[in-house]
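This is model_39.cif (mmCIF, C-alpha atoms).
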```cif
data_work
#
loop_
_atom_site.group_PDB
_atom_site.id
_atom_site.type_symbol
_atom_site.label_atom_id
_atom_site.label_comp_id
_atom_site.auth_asym_id
_atom_site.auth_seq_id
_atom_site.Cartn_x
_atom_site.Cartn_y
_atom_site.Cartn_z
ATOM 1 C CA MET B 1 -22.393 -33.234 -1.218
ATOM 2 C CA LEU B 2 -23.121 -30.028 -3.076
ATOM 3 C CA GLY B 3 -20.261 -27.980 -4.391
ATOM 4 C CA PRO B 4 -16.561 -28.790 -4.157
ATOM 5 C CA THR B 5 -15.298 -32.053 -2.693
ATOM 6 C CA ILE B 6 -12.883 -32.414 0.235
ATOM 7 C CA PRO B 7 -9.577 -31.998 -1.688
ATOM 8 C CA TRP B 8 -10.597 -28.424 -2.528
ATOM 9 C CA TYR B 9 -11.035 -27.628 1.151
ATOM 10 C CA LEU B 10 -7.696 -29.248 1.906
ATOM 11 C CA ALA B 11 -5.983 -27.235 -0.828
ATOM 12 C CA ILE B 12 -7.290 -23.960 0.634
ATOM 13 C CA SER B 13 -6.203 -25.159 4.064
ATOM 14 C CA GLY B 14 -2.688 -25.956 2.823
ATOM 15 C CA ILE B 15 -2.263 -22.618 1.063
ATOM 16 C CA LEU B 16 -3.495 -20.738 4.148
ATOM 17 C CA PHE B 17 -1.102 -22.704 6.359
ATOM 18 C CA GLY B 18 1.814 -21.808 4.064
ATOM 19 C CA THR B 19 0.783 -18.140 4.123
ATOM 20 C CA GLY B 20 0.687 -18.137 7.898
ATOM 21 C CA ALA B 21 4.043 -19.903 8.164
ATOM 22 C CA VAL B 22 5.684 -17.357 5.858
ATOM 23 C CA GLY B 23 4.172 -14.582 7.981
ATOM 24 C CA VAL B 24 5.553 -16.076 11.195
ATOM 25 C CA MET B 25 9.027 -16.417 9.701
ATOM 26 C CA LEU B 26 9.111 -13.131 7.818
ATOM 27 C CA ARG B 27 7.548 -10.506 10.060
ATOM 28 C CA ARG B 28 9.259 -9.016 13.112
ATOM 29 C CA SER B 29 6.405 -7.355 14.933
ATOM 30 C CA PRO B 30 5.159 -9.826 17.590
ATOM 31 C CA LEU B 31 1.585 -8.660 16.969
ATOM 32 C CA ILE B 32 1.704 -9.715 13.339
ATOM 33 C CA VAL B 33 3.447 -12.961 14.283
ATOM 34 C CA LEU B 34 0.439 -13.686 16.528
ATOM 35 C CA LEU B 35 -1.969 -12.813 13.705
ATOM 36 C CA SER B 36 -0.097 -15.165 11.360
ATOM 37 C CA LEU B 37 -0.291 -17.893 14.008
ATOM 38 C CA GLU B 38 -4.050 -17.420 14.010
ATOM 39 C CA ILE B 39 -4.065 -18.006 10.248
ATOM 40 C CA MET B 40 -2.138 -21.253 10.727
ATOM 41 C CA LEU B 41 -4.522 -22.465 13.441
ATOM 42 C CA ASN B 42 -7.496 -21.655 11.251
ATOM 43 C CA ALA B 43 -5.972 -23.550 8.341
ATOM 44 C CA GLY B 44 -5.758 -26.580 10.626
ATOM 45 C CA ASN B 45 -9.380 -26.021 11.644
ATOM 46 C CA LEU B 46 -10.487 -25.955 8.015
ATOM 47 C CA ALA B 47 -8.797 -29.317 7.396
ATOM 48 C CA LEU B 48 -10.466 -30.726 10.537
ATOM 49 C CA VAL B 49 -13.901 -29.558 9.426
ATOM 50 C CA GLY B 50 -13.326 -30.894 5.902
ATOM 51 C CA PHE B 51 -12.298 -34.336 7.122
ATOM 52 C CA SER B 52 -15.179 -34.327 9.603
ATOM 53 C CA ARG B 53 -17.532 -33.852 6.651
ATOM 54 C CA TYR B 54 -15.706 -36.541 4.676
ATOM 55 C CA TRP B 55 -16.174 -39.193 7.354
ATOM 56 C CA GLY B 56 -19.625 -37.959 8.345
ATOM 57 C CA ASN B 57 -18.419 -37.891 11.937
ATOM 58 C CA GLY B 58 -18.748 -34.927 14.301
ATOM 59 C CA ASP B 59 -15.547 -35.587 16.259
ATOM 60 C CA GLY B 60 -13.520 -33.378 13.898
ATOM 61 C CA GLN B 61 -15.840 -30.451 14.588
ATOM 62 C CA VAL B 62 -15.499 -31.004 18.331
ATOM 63 C CA PHE B 63 -11.733 -30.916 17.897
ATOM 64 C CA ALA B 64 -12.020 -27.724 15.822
ATOM 65 C CA ILE B 65 -13.921 -26.043 18.664
ATOM 66 C CA SER B 66 -11.242 -27.164 21.145
ATOM 67 C CA VAL B 67 -8.603 -25.651 18.834
ATOM 68 C CA MET B 68 -10.576 -22.397 18.890
ATOM 69 C CA ALA B 69 -10.496 -22.381 22.697
ATOM 70 C CA VAL B 70 -6.750 -23.030 22.686
ATOM 71 C CA ALA B 71 -6.275 -20.197 20.173
ATOM 72 C CA ALA B 72 -8.251 -17.838 22.401
ATOM 73 C CA SER B 73 -6.047 -18.796 25.380
ATOM 74 C CA GLU B 74 -2.930 -18.287 23.291
ATOM 75 C CA VAL B 75 -4.097 -14.822 22.258
ATOM 76 C CA CYS B 76 -4.869 -13.963 25.895
ATOM 77 C CA VAL B 77 -1.384 -14.888 27.124
ATOM 78 C CA GLY B 78 0.403 -13.589 24.005
ATOM 79 C CA LEU B 79 -1.254 -10.187 24.124
ATOM 80 C CA GLY B 80 -0.541 -10.017 27.880
ATOM 81 C CA LEU B 81 3.130 -10.603 27.125
ATOM 82 C CA ILE B 82 3.159 -7.979 24.374
ATOM 83 C CA VAL B 83 1.545 -5.392 26.659
ATOM 84 C CA ALA B 84 4.060 -6.279 29.410
ATOM 85 C CA MET B 85 6.914 -5.810 26.933
ATOM 86 C CA ALA B 86 5.538 -2.476 25.795
ATOM 87 C CA ARG B 87 5.217 -1.248 29.410
ATOM 88 C CA LYS B 88 8.819 -2.201 30.145
ATOM 89 C CA ARG B 89 9.842 -0.137 27.113
ATOM 90 C CA LEU B 90 11.276 -3.142 25.326
ATOM 91 C CA ALA B 91 11.523 -3.044 21.564
ATOM 92 C CA LEU B 92 8.584 -4.827 19.930
ATOM 93 C CA ASP B 93 10.803 -6.826 17.625
ATOM 94 C CA VAL B 94 11.120 -10.590 17.804
ATOM 95 C CA ASP B 95 14.770 -10.430 16.664
ATOM 96 C CA GLU B 96 15.722 -8.184 19.603
ATOM 97 C CA LEU B 97 13.867 -10.258 22.177
ATOM 98 C CA SER B 98 16.327 -13.118 22.558
ATOM 99 C CA GLU B 99 16.445 -13.380 26.376
ATOM 100 C CA LEU B 100 13.837 -15.012 28.547
ATOM 101 C CA ARG B 101 14.885 -13.111 31.682
ATOM 102 C CA GLY B 102 13.859 -9.467 31.389
ATOM 103 C CA MET M 1 -36.565 -33.263 -15.038
ATOM 104 C CA SER M 2 -37.104 -29.980 -13.249
ATOM 105 C CA ALA M 3 -35.806 -31.512 -9.990
ATOM 106 C CA VAL M 4 -32.515 -32.362 -11.705
ATOM 107 C CA TYR M 5 -32.341 -28.828 -13.069
ATOM 108 C CA VAL M 6 -32.931 -27.328 -9.613
ATOM 109 C CA ALA M 7 -30.293 -29.634 -8.059
ATOM 110 C CA SER M 8 -27.653 -28.682 -10.633
ATOM 111 C CA PHE M 9 -28.478 -25.010 -10.176
ATOM 112 C CA GLY M 10 -28.031 -25.445 -6.415
ATOM 113 C CA ASN M 11 -24.682 -27.099 -7.045
ATOM 114 C CA PHE M 12 -23.629 -24.198 -9.268
ATOM 115 C CA LEU M 13 -24.693 -21.682 -6.629
ATOM 116 C CA VAL M 14 -22.698 -23.506 -3.930
ATOM 117 C CA TRP M 15 -19.648 -23.512 -6.200
ATOM 118 C CA VAL M 16 -19.953 -19.763 -6.802
ATOM 119 C CA VAL M 17 -20.262 -18.979 -3.092
ATOM 120 C CA TRP M 18 -17.443 -21.397 -2.259
ATOM 121 C CA ILE M 19 -15.045 -19.903 -4.807
ATOM 122 C CA GLY M 20 -15.863 -16.389 -3.614
ATOM 123 C CA ALA M 21 -15.225 -17.327 0.010
ATOM 124 C CA ALA M 22 -12.033 -19.234 -0.839
ATOM 125 C CA LEU M 23 -10.610 -16.349 -2.862
ATOM 126 C CA GLY M 24 -11.518 -13.901 -0.099
ATOM 127 C CA CYS M 25 -9.863 -16.192 2.411
ATOM 128 C CA LEU M 26 -6.600 -16.455 0.472
ATOM 129 C CA ALA M 27 -6.479 -12.748 -0.430
ATOM 130 C CA SER M 28 -7.088 -11.608 3.141
ATOM 131 C CA GLY M 29 -4.502 -14.115 4.387
ATOM 132 C CA VAL M 30 -1.874 -12.577 2.134
ATOM 133 C CA ALA M 31 -3.076 -9.120 3.209
ATOM 134 C CA VAL M 32 -2.560 -9.983 6.898
ATOM 135 C CA ILE M 33 1.114 -10.783 6.404
ATOM 136 C CA SER M 34 1.848 -7.949 3.964
ATOM 137 C CA PHE M 35 0.334 -4.851 5.625
ATOM 138 C CA THR M 36 2.857 -2.689 7.484
ATOM 139 C CA ASN M 37 0.274 -1.312 9.898
ATOM 140 C CA PRO M 38 -0.884 -4.007 12.362
ATOM 141 C CA PHE M 39 -4.314 -2.382 12.557
ATOM 142 C CA TYR M 40 -4.975 -3.131 8.885
ATOM 143 C CA SER M 41 -3.580 -6.641 9.380
ATOM 144 C CA ALA M 42 -6.083 -7.273 12.168
ATOM 145 C CA LEU M 43 -8.934 -5.978 9.994
ATOM 146 C CA ALA M 44 -7.810 -8.283 7.169
ATOM 147 C CA LEU M 45 -7.767 -11.184 9.626
ATOM 148 C CA ILE M 46 -11.411 -10.459 10.482
ATOM 149 C CA GLY M 47 -12.221 -10.813 6.767
ATOM 150 C CA ASN M 48 -10.224 -14.033 6.672
ATOM 151 C CA LEU M 49 -12.144 -15.492 9.638
ATOM 152 C CA ALA M 50 -15.504 -14.462 8.189
ATOM 153 C CA SER M 51 -14.813 -16.090 4.828
ATOM 154 C CA LEU M 52 -13.576 -19.214 6.625
ATOM 155 C CA ALA M 53 -16.912 -19.285 8.448
ATOM 156 C CA VAL M 54 -18.636 -19.381 5.041
ATOM 157 C CA LEU M 55 -16.473 -22.367 4.059
ATOM 158 C CA TYR M 56 -17.408 -24.107 7.325
ATOM 159 C CA LEU M 57 -21.089 -23.530 6.579
ATOM 160 C CA LEU M 58 -20.713 -25.100 3.136
ATOM 161 C CA ALA M 59 -19.042 -28.128 4.772
ATOM 162 C CA SER M 60 -22.197 -28.408 6.952
ATOM 163 C CA ALA M 61 -20.461 -27.345 10.164
ATOM 164 C CA GLU M 62 -23.057 -24.802 11.263
ATOM 165 C CA PHE M 63 -22.130 -24.635 14.919
ATOM 166 C CA VAL M 64 -18.399 -24.272 14.189
ATOM 167 C CA ALA M 65 -19.188 -21.444 11.773
ATOM 168 C CA ALA M 66 -21.301 -19.641 14.377
ATOM 169 C CA ALA M 67 -18.619 -20.118 17.033
ATOM 170 C CA GLN M 68 -16.019 -18.848 14.566
ATOM 171 C CA VAL M 69 -17.912 -15.609 13.986
ATOM 172 C CA LEU M 70 -18.854 -15.081 17.654
ATOM 173 C CA VAL M 71 -15.641 -16.138 19.397
ATOM 174 C CA TYR M 72 -12.992 -15.368 16.821
ATOM 175 C CA ALA M 73 -14.189 -12.504 14.669
ATOM 176 C CA GLY M 74 -16.020 -11.069 17.682
ATOM 177 C CA ALA M 75 -14.215 -11.528 20.977
ATOM 178 C CA VAL M 76 -10.627 -12.386 20.042
ATOM 179 C CA MET M 77 -10.300 -9.766 17.346
ATOM 180 C CA VAL M 78 -11.745 -7.045 19.590
ATOM 181 C CA MET M 79 -9.009 -7.916 22.091
ATOM 182 C CA PHE M 80 -6.421 -7.662 19.315
ATOM 183 C CA LEU M 81 -7.724 -4.294 18.154
ATOM 184 C CA PHE M 82 -7.724 -3.009 21.753
ATOM 185 C CA VAL M 83 -4.066 -3.950 22.224
ATOM 186 C CA ILE M 84 -3.055 -2.513 18.851
ATOM 187 C CA ALA M 85 -4.815 0.747 19.680
ATOM 188 C CA TYR M 86 -3.164 0.755 23.134
ATOM 189 C CA LEU M 87 0.313 0.267 21.690
ATOM 190 C CA GLY M 88 -0.304 2.896 19.033
ATOM 191 C CA GLY M 89 2.384 3.650 16.491
ATOM 192 C CA ARG M 90 5.049 1.914 18.539
ATOM 193 C CA ALA M 91 4.024 -1.420 17.134
ATOM 194 C CA ASP M 92 5.123 -0.528 13.602
ATOM 195 C CA ALA M 93 8.096 -2.783 13.078
ATOM 196 C CA PRO M 94 9.882 -2.790 9.748
ATOM 197 C CA TRP M 95 8.440 -5.125 7.144
ATOM 198 C CA ALA M 96 11.258 -7.622 7.262
ATOM 199 C CA GLY M 97 14.592 -6.935 8.808
ATOM 200 C CA GLY M 98 17.672 -9.025 9.319
ATOM 201 C CA PRO M 99 19.887 -10.406 6.648
ATOM 202 C CA ARG M 100 18.539 -10.851 3.161
ATOM 203 C CA TRP M 101 19.206 -14.613 3.113
ATOM 204 C CA LEU M 102 16.926 -15.013 6.130
ATOM 205 C CA ARG M 103 14.025 -13.452 4.237
ATOM 206 C CA LEU M 104 14.769 -15.598 1.216
ATOM 207 C CA ALA M 105 14.992 -18.737 3.362
ATOM 208 C CA ALA M 106 11.617 -17.935 4.948
ATOM 209 C CA VAL M 107 9.934 -17.672 1.558
ATOM 210 C CA VAL M 108 11.668 -20.837 0.292
ATOM 211 C CA ALA M 109 10.613 -22.766 3.420
ATOM 212 C CA GLY M 110 7.020 -21.581 3.048
ATOM 213 C CA ALA M 111 6.978 -22.533 -0.626
ATOM 214 C CA ALA M 112 8.437 -25.962 0.191
ATOM 215 C CA LEU M 113 5.724 -26.533 2.801
ATOM 216 C CA LEU M 114 3.061 -25.513 0.306
ATOM 217 C CA ALA M 115 4.494 -27.727 -2.450
ATOM 218 C CA GLU M 116 4.615 -30.678 -0.092
ATOM 219 C CA THR M 117 0.969 -30.214 0.908
ATOM 220 C CA LEU M 118 -0.214 -29.875 -2.677
ATOM 221 C CA VAL M 119 1.798 -32.881 -3.889
ATOM 222 C CA ALA M 120 0.347 -34.994 -1.082
ATOM 223 C CA LEU M 121 -3.120 -33.794 -2.059
ATOM 224 C CA LEU M 122 -2.678 -34.562 -5.759
ATOM 225 C CA TRP M 123 -1.302 -37.971 -4.820
ATOM 226 C CA LYS M 124 -4.232 -38.904 -2.606
ATOM 227 C CA SER M 125 -7.143 -36.791 -3.849
ATOM 228 C CA GLY M 126 -8.587 -39.701 -5.847
ATOM 229 C CA SER M 127 -9.351 -41.608 -2.649
ATOM 230 C CA LEU M 128 -11.148 -38.607 -1.097
ATOM 231 C CA GLU M 129 -13.947 -38.368 -3.646
ATOM 232 C CA ASP M 130 -16.641 -40.520 -2.021
ATOM 233 C CA VAL M 131 -17.952 -38.306 0.765
ATOM 234 C CA ALA M 132 -20.133 -39.846 3.473
ATOM 235 C CA ASP M 133 -23.837 -39.043 3.480
ATOM 236 C CA VAL M 134 -24.933 -37.063 6.508
ATOM 237 C CA GLY M 135 -28.321 -36.146 7.865
ATOM 238 C CA PRO M 136 -29.583 -32.569 8.261
ATOM 239 C CA SER M 137 -28.686 -32.575 11.970
ATOM 240 C CA PHE M 138 -24.967 -33.066 11.240
ATOM 241 C CA GLY M 139 -22.978 -30.191 12.737
ATOM 242 C CA SER M 140 -25.978 -28.680 14.518
ATOM 243 C CA PRO M 141 -25.503 -27.312 18.055
ATOM 244 C CA ALA M 142 -27.502 -30.236 19.447
ATOM 245 C CA ALA M 143 -25.290 -32.838 17.770
ATOM 246 C CA ILE M 144 -22.056 -31.083 18.813
ATOM 247 C CA GLY M 145 -23.312 -30.567 22.361
ATOM 248 C CA GLU M 146 -24.251 -34.212 22.655
ATOM 249 C CA LEU M 147 -20.791 -35.260 21.467
ATOM 250 C CA PHE M 148 -19.170 -32.868 23.931
ATOM 251 C CA LEU M 149 -21.119 -34.276 26.866
ATOM 252 C CA THR M 150 -20.812 -37.964 25.967
ATOM 253 C CA ASP M 151 -17.897 -39.177 23.831
ATOM 254 C CA GLN M 152 -15.694 -36.112 24.137
ATOM 255 C CA LEU M 153 -16.270 -35.246 27.791
ATOM 256 C CA LEU M 154 -12.537 -35.316 28.542
ATOM 257 C CA ALA M 155 -11.808 -32.814 25.739
ATOM 258 C CA PHE M 156 -14.563 -30.583 27.124
ATOM 259 C CA GLU M 157 -13.104 -30.596 30.628
ATOM 260 C CA ILE M 158 -9.538 -30.080 29.398
ATOM 261 C CA THR M 159 -10.709 -27.124 27.296
ATOM 262 C CA SER M 160 -12.255 -25.483 30.343
ATOM 263 C CA ILE M 161 -9.031 -25.975 32.340
ATOM 264 C CA VAL M 162 -6.962 -24.508 29.482
ATOM 265 C CA LEU M 163 -9.206 -21.429 29.401
ATOM 266 C CA LEU M 164 -8.962 -21.051 33.196
ATOM 267 C CA VAL M 165 -5.155 -21.309 33.120
ATOM 268 C CA ALA M 166 -4.983 -18.715 30.355
ATOM 269 C CA ALA M 167 -7.208 -16.307 32.286
ATOM 270 C CA VAL M 168 -5.092 -16.723 35.442
ATOM 271 C CA GLY M 169 -1.941 -16.256 33.346
ATOM 272 C CA GLY M 170 -3.236 -12.998 31.927
ATOM 273 C CA VAL M 171 -4.039 -11.680 35.408
ATOM 274 C CA VAL M 172 -0.634 -12.759 36.758
ATOM 275 C CA LEU M 173 1.154 -10.952 33.938
ATOM 276 C CA ALA M 174 -0.757 -7.748 34.739
ATOM 277 C CA ILE M 175 -0.193 -7.998 38.535
ATOM 278 C CA GLN M 176 3.555 -8.443 38.241
ATOM 279 C CA ILE M 177 3.866 -5.274 36.220
ATOM 280 C CA ARG M 178 1.907 -3.262 38.800
ATOM 281 C CA GLU M 179 4.012 -4.543 41.716
ATOM 282 C CA LYS M 180 7.252 -3.699 39.945
ATOM 283 C CA ARG M 181 6.030 -0.231 39.213
ATOM 284 C CA GLN M 182 5.152 0.392 42.894
ATOM 285 C CA THR M 183 8.445 -0.888 44.299
ATOM 286 C CA GLY M 184 10.776 0.341 41.598
#
```
For this file, produce the structure as structure tokens.
Amino acid sequence: MLGPTIPWYLAISGILFGTGAVGVMLRRSPLIVLLSLEIMLNAGNLALVGFSRYWGNGDGQVFAISVMAVAASEVCVGLGLIVAMARKRLALDVDELSELRG
Amino acid sequence: MSAVYVASFGNFLVWVVWIGAALGCLASGVAVISFTNPFYSALALIGNLASLAVLYLLASAEFVAAAQVLVYAGAVMVMFLFVIAYLGGRADAPWAGGPRWLRLAAVVAGAALLAETLVALLWKSGSLEDVADVGPSFGSPAAIGELFLTDQLLAFEITSIVLLVAAVGGVVLAIQIREKRQTG
């Protein structure tokens, strides 16, 4: 394998996952929480692709593509919720939104 | 002799591209969570996804890299930018509110997660050195498609149902708002 070996990929994946987790915990705008979630999902994808290369087995890549589809669904529903909140004139702040029933 | 030289030069080139993509990936990740304006955060996330696609390519996952650029950096991020533009300046929440200890705890928890990952890596990285040899067709659309339609058929079908449910959910969310507006 040319270039860096698998632990390098995993290190990048771990650092990205930590960055995303800090973003989810730190930020209050639901939009940026969603963006940070995307970073975390992509960090998982990078680890999947790296291990897929390590074993020489395509199943990890298939799983990575499934994760992408799940992320797209999550964005679809999440953005729908954010738009619904904005139309109901709710504050776009995850600390204020503590009730499920609007 | 010259073949060895060419191979080592190729290795060097891959390292250079890899380090560039990895640094871009980490920098844009930090940029996403530190911009105040969500529009800039979304743009930084596009950079993050593009540099991740380069890393996928170097791990010989060509189809995943192409799907990443088309689906993620293309479709999903356009949706994000649409919603951010629709919400306008209202989306600008303060950088980090709440009590100070909460902020501190978030950073400590993130650092703990990171330390745990890196310690596990250092512990086990010796056993991850011998990478399997793969043929040139590894990660190609044909190989992935064959896997999807043979061994992973269940995952394929479940993925399509998940996408359908998400699409219906998005429509339902929009319809409910319209009905409420008409009656109320």
Exercise. With the file shown as input, list the residues that the PyMOL selection byres ((chain M) within 6 of (chain B)) selects, as a ChimeraX atom specification.
Key: /M:11,14-15,33,93,96,106,110,114,117,125,131-132,134,163,166,170
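One distance worth recording is that between atom CA of Ala120 of chain M and atom CA of Val108 of chain M, which is 18.2 Å.
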Quiz item: Please, which residues are within 10 Å of (-18.6, -21.9, 5.2) by the file's coordinates, counting all atoms listed in the file, and could they come as an NGL selection string?
Solution: (:B and (46 or 49)) or (:M and (17-18 or 21-22 or 50-62 or 64-66))
Practice problem: Compile the contact shell of Ser28 of chain M as JSON, numbers by chain: residues with an atom at most 8 Å away, counting all atoms listed in the file, same-chain residues fewer than 6 positions apart removed. | Solution: {"M": [44, 45, 47, 48]}
Exercise. Kindly give the distance, in Å, that separates atom CA of Phe82 of chain M and atom CA of Asn37 of chain M, rounded to a single decimal.
Key: 14.4 Å
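Across the model, the gap from atom CA of Glu129 of chain M to atom CA of Ala111 of chain M is 26.4 Å.
Evaluated against this file, the PyMOL selection byres ((chain M and resi 43) around 10) yields Ser28, Ala31, Val32, Pro38, Phe39, Tyr40, Ser41, Ala42, Ala44, Leu45, Ile46, Gly47, Asn48, Ala73, Met77, Phe80 and Leu81 of chain M.
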Quiz item: Contacts of Gly145 of chain M at 10 Å or less, counting all atoms listed in the file, minus same-chain residues fewer than 5 places along, as a list in words?
Solution: Val62 of chain B; Phe63, Gly139, Ser140, Thr150, Gln152 and Phe156 of chain M
Using the partial input, fill out segment 61-80 of chain M with N, CA and C atoms; write the result as a short mmCIF file (atom, residue, chain, number, x, y, z; two decimals), in the coordinates of the input.
```cif
data_model
loop_
_atom_site.label_atom_id
_atom_site.label_comp_id
_atom_site.auth_asym_id
_atom_site.auth_seq_id
_atom_site.Cartn_x
_atom_site.Cartn_y
_atom_site.Cartn_z
N ALA M 61 -20.90 -27.47 8.78
CA ALA M 61 -20.46 -27.34 10.16
C ALA M 61 -21.06 -26.05 10.71
N GLU M 62 -22.38 -26.06 10.92
CA GLU M 62 -23.06 -24.80 11.26
C GLU M 62 -22.59 -24.25 12.60
N PHE M 63 -22.48 -25.14 13.59
CA PHE M 63 -22.13 -24.64 14.92
C PHE M 63 -20.71 -24.09 14.94
N VAL M 64 -19.77 -24.77 14.23
CA VAL M 64 -18.40 -24.27 14.19
C VAL M 64 -18.36 -22.91 13.51
N ALA M 65 -19.16 -22.74 12.46
CA ALA M 65 -19.19 -21.44 11.77
C ALA M 65 -19.70 -20.35 12.71
N ALA M 66 -20.76 -20.64 13.46
CA ALA M 66 -21.30 -19.64 14.38
C ALA M 66 -20.29 -19.31 15.46
N ALA M 67 -19.62 -20.35 16.00
CA ALA M 67 -18.62 -20.12 17.03
C ALA M 67 -17.46 -19.31 16.46
N GLN M 68 -17.10 -19.59 15.21
CA GLN M 68 -16.02 -18.85 14.57
C GLN M 68 -16.34 -17.36 14.53
N VAL M 69 -17.55 -17.03 14.10
CA VAL M 69 -17.91 -15.61 13.99
C VAL M 69 -18.00 -14.97 15.37
N LEU M 70 -18.64 -15.68 16.34
CA LEU M 70 -18.85 -15.08 17.65
C LEU M 70 -17.55 -14.97 18.43
N VAL M 71 -16.82 -16.11 18.53
CA VAL M 71 -15.64 -16.14 19.40
C VAL M 71 -14.46 -15.46 18.73
N TYR M 72 -14.20 -15.86 17.48
CA TYR M 72 -12.99 -15.37 16.82
C TYR M 72 -13.17 -13.94 16.31
N ALA M 73 -14.04 -13.81 15.31
CA ALA M 73 -14.19 -12.50 14.67
C ALA M 73 -14.77 -11.50 15.65
N GLY M 74 -15.49 -11.98 16.67
CA GLY M 74 -16.02 -11.07 17.68
C GLY M 74 -15.02 -10.82 18.79
N ALA M 75 -14.94 -11.78 19.73
CA ALA M 75 -14.22 -11.53 20.98
C ALA M 75 -12.71 -11.39 20.78
N VAL M 76 -12.09 -12.38 20.13
CA VAL M 76 -10.63 -12.39 20.04
C VAL M 76 -10.12 -11.19 19.26
N MET M 77 -10.81 -10.86 18.16
CA MET M 77 -10.30 -9.77 17.35
C MET M 77 -10.51 -8.41 18.02
N VAL M 78 -11.57 -8.29 18.83
CA VAL M 78 -11.74 -7.04 19.59
C VAL M 78 -10.58 -6.86 20.56
N MET M 79 -10.16 -7.98 21.18
CA MET M 79 -9.01 -7.92 22.09
C MET M 79 -7.76 -7.46 21.33
N PHE M 80 -7.57 -8.05 20.14
CA PHE M 80 -6.42 -7.66 19.32
C PHE M 80 -6.46 -6.17 18.99
#
```
